[in-house]
Amino acid sequence: MKLLLTGSTGFVGRNLLLEILKDQCYETLYLPVRSEEKLRAQLKSEGINELPKSIQTLPMEAPHWDFSFIRDVDHVVHGAGVLSGNSLSDYSRTNTEGTLQLMRTVKRPAKVIILSSQAASGPCGNGQEFKTETDKDNPVTWYGASKLEMENQLEAHFLNENFLCLRPPMILGPRDSATLPLFKMAKGFVQFKPGFKEKRYSFVAIQDLVAAILKALSQPVEFNNFKQRKFFVASDKVITDSELIQTASEVMERKGRLVKVPQPILWGISKVVGNVPALSKAIPNLSKDRVKEIWPDKWVVSSQSFEEEFNWKAKIDLKTSLKETYDWYVKSGKLIL
């Protein structure tokens, strides 16, 4: 079997690629990349010194993809996307138009899985304990809006194709860069929590998300028979922002003091971050767009629909996921003890 995987040097794609190489479940892997050297360096850091013969790199990037020359691909996993930008068009160029260009040019694969995000749905509304796929979508960021538009355009133009959109919430695990600031903060004597009210979140460990993707690809079901094409994929465990910070401290064996910061102060910091490109790149979660995700008090979803359709269940708890993330940061030299 043959797989086309986009975003293979990103967080999700990188973990998925390593799992596929370990299991040797595809004879050919087509990997569109901007930099083959980056891919080679990442694999080398995992003990893979030579590019495996199963990998065929394709020097291209969104939205200028053209996969029309690949005529025998069985599965597609589309993980490439933009997480931070300065305008809605920055996000839409890759997240929306790039996805549509992929679907226009790829030659009718058996199954396509596209990584969307909980951000496309938005936070819980007043009185909601959790959101399901049938609830009203209300993205609060450009990022979320671009992912929702992607989903809507796919349903409008490619409904006969065998595709699914997966909407993971916060993803935790090794090879992530977004949680590095969390560990750097947890390393100190003071840890800052946004707002005075406890915030509640869904999460999924990267290993569970990878297992969900491979499970969906391996199941003998036709995606275009589903009434819906979007599924939340999350742990049943709901966490709080305080629990996230304190668990990070615990796995580092630190005992800091949790300080609650008024949200208007964070708003001011986000304006500074948004005006300094280096800071926006270093702290993407505090960009002027992504900081809007901090204000709501509840980002909780139910993945019951996916669990029932694919006989999948998240297994990894918060502490285990953060411990594995921390160990990887130390091993890779990104966090000094």
# chains A, B, ... in the order shown; residues from 1 in each chain; ligands from 1

$ select_by_dssp --residues "stretch 17-58 of chain A" --states "strand (DSSP E or B)" --output "PyMOL selection string"
chain A and resi 28-33+55-58

$ residues_around --residues "A:Glu308" --least-positions-apart "3" --cutoff "12 Å" --atoms "only C-alpha atoms" --output "short mmCIF file (atom, residue, chain, number, x, y, z; two decimals) with N, CA and C atoms, in the first residue's frame"
data_model
loop_
_atom_site.label_atom_id
_atom_site.label_comp_id
_atom_site.auth_asym_id
_atom_site.auth_seq_id
_atom_site.Cartn_x
_atom_site.Cartn_y
_atom_site.Cartn_z
N ALA A 216 -8.67 4.46 11.80
CA ALA A 216 -9.65 4.87 10.80
C ALA A 216 -9.25 4.40 9.40
N PHE A 231 -15.14 14.57 13.12
CA PHE A 231 -15.18 13.84 14.38
C PHE A 231 -14.20 14.45 15.37
N PHE A 232 -14.66 14.65 16.60
CA PHE A 232 -13.74 14.99 17.68
C PHE A 232 -13.00 13.72 18.10
N VAL A 233 -11.72 13.88 18.42
CA VAL A 233 -10.89 12.76 18.89
C VAL A 233 -10.19 13.22 20.15
N SER A 302 -16.80 15.90 23.23
CA SER A 302 -17.04 14.46 23.36
C SER A 302 -16.61 13.77 22.08
N SER A 303 -15.83 12.70 22.21
CA SER A 303 -15.43 11.93 21.04
C SER A 303 -16.20 10.62 20.95
N GLN A 304 -17.38 10.57 21.55
CA GLN A 304 -18.19 9.35 21.57
C GLN A 304 -18.49 8.85 20.16
N SER A 305 -18.77 9.76 19.23
CA SER A 305 -19.11 9.34 17.86
C SER A 305 -17.95 8.59 17.22
N ASN A 311 -14.27 1.94 17.12
CA ASN A 311 -13.83 1.09 18.23
C ASN A 311 -12.48 1.55 18.76
N TRP A 312 -12.39 2.83 19.03
CA TRP A 312 -11.15 3.46 19.51
C TRP A 312 -11.40 4.10 20.86
N LYS A 313 -10.38 4.13 21.69
CA LYS A 313 -10.48 4.77 22.99
C LYS A 313 -9.11 5.34 23.36
#

$ residues_around --residues "A:Asn138" --least-positions-apart "4" --cutoff "10 Å" --atoms "only C-alpha atoms" --output "ChimeraX atom specification"
/A:119-125,144-145,148

$ write_last_selection --atoms "C-alpha atoms" --output "CSV table (one decimal), in the first residue's frame"
chain,number,residue,atom,x,y,z
A,119,ALA,CA,-10.7,25.4,17.1
A,120,ALA,CA,-13.0,25.0,14.1
A,121,SER,CA,-15.9,24.3,16.6
A,122,GLY,CA,-14.9,26.9,19.2
A,123,PRO,CA,-15.5,26.8,23.0
A,124,CYS,CA,-18.5,25.5,24.8
A,125,GLY,CA,-21.5,27.8,25.0
A,144,GLY,CA,-10.3,28.2,13.8
A,145,ALA,CA,-12.2,30.1,11.1
A,148,LEU,CA,-14.0,25.6,9.6

$ residues_around --residues "A:Asp317" --least-positions-apart "6" --cutoff "10 Å" --atoms "only C-alpha atoms" --output "list in words"
Phe203, Val204, Ala205, Ser235, Asp236 and Lys237 of chain A

$ select_by_dssp --residues "stretch 98-142 of chain A" --states "helix (DSSP H, G or I)" --output "list of chain:residue names"
A:Gly98, A:Thr99, A:Leu100, A:Gln101, A:Leu102, A:Met103, A:Arg104, A:Thr105, A:Gln118, A:Ala119, A:Ala120, A:Trp142

$ closest_residue --among "A:Ile239, A:Ala178, A:Ala41, A:Ala110" --to "A:Tyr329" --atoms "only C-alpha atoms"
A:Ala178

$ atom_distance --atom1 "atom CA of A:Val291" --atom2 "atom CA of A:Val140"
9.8 Å

$ closest_residue --among "A:Arg40, A:Lys147, A:Lys131, A:Lys199" --to "A:Ala80" --atoms "only C-alpha atoms"
A:Lys147

$ closest_residue --among "A:Val238, A:Val251, A:Leu244, A:Leu164" --to "A:Lys298" --atoms "only C-alpha atoms"
A:Val238

$ atom_distance --atom1 "atom CA of A:Ile20" --atom2 "atom CA of A:Ser8"
11.3 Å

$ closest_residue --among "A:His78, A:Lys292, A:Lys2, A:Lys197" --to "A:Asn95" --atoms "only C-alpha atoms"
A:His78

$ closest_residue --among "A:Leu21, A:Ile206, A:Leu29, A:Ala186" --to "A:Ser242" --atoms "only C-alpha atoms"
A:Ala186

$ closest_residue --among "A:Leu217, A:Glu155, A:Leu100, A:Ser117" --to "A:Pro169" --atoms "only C-alpha atoms"
A:Ser117
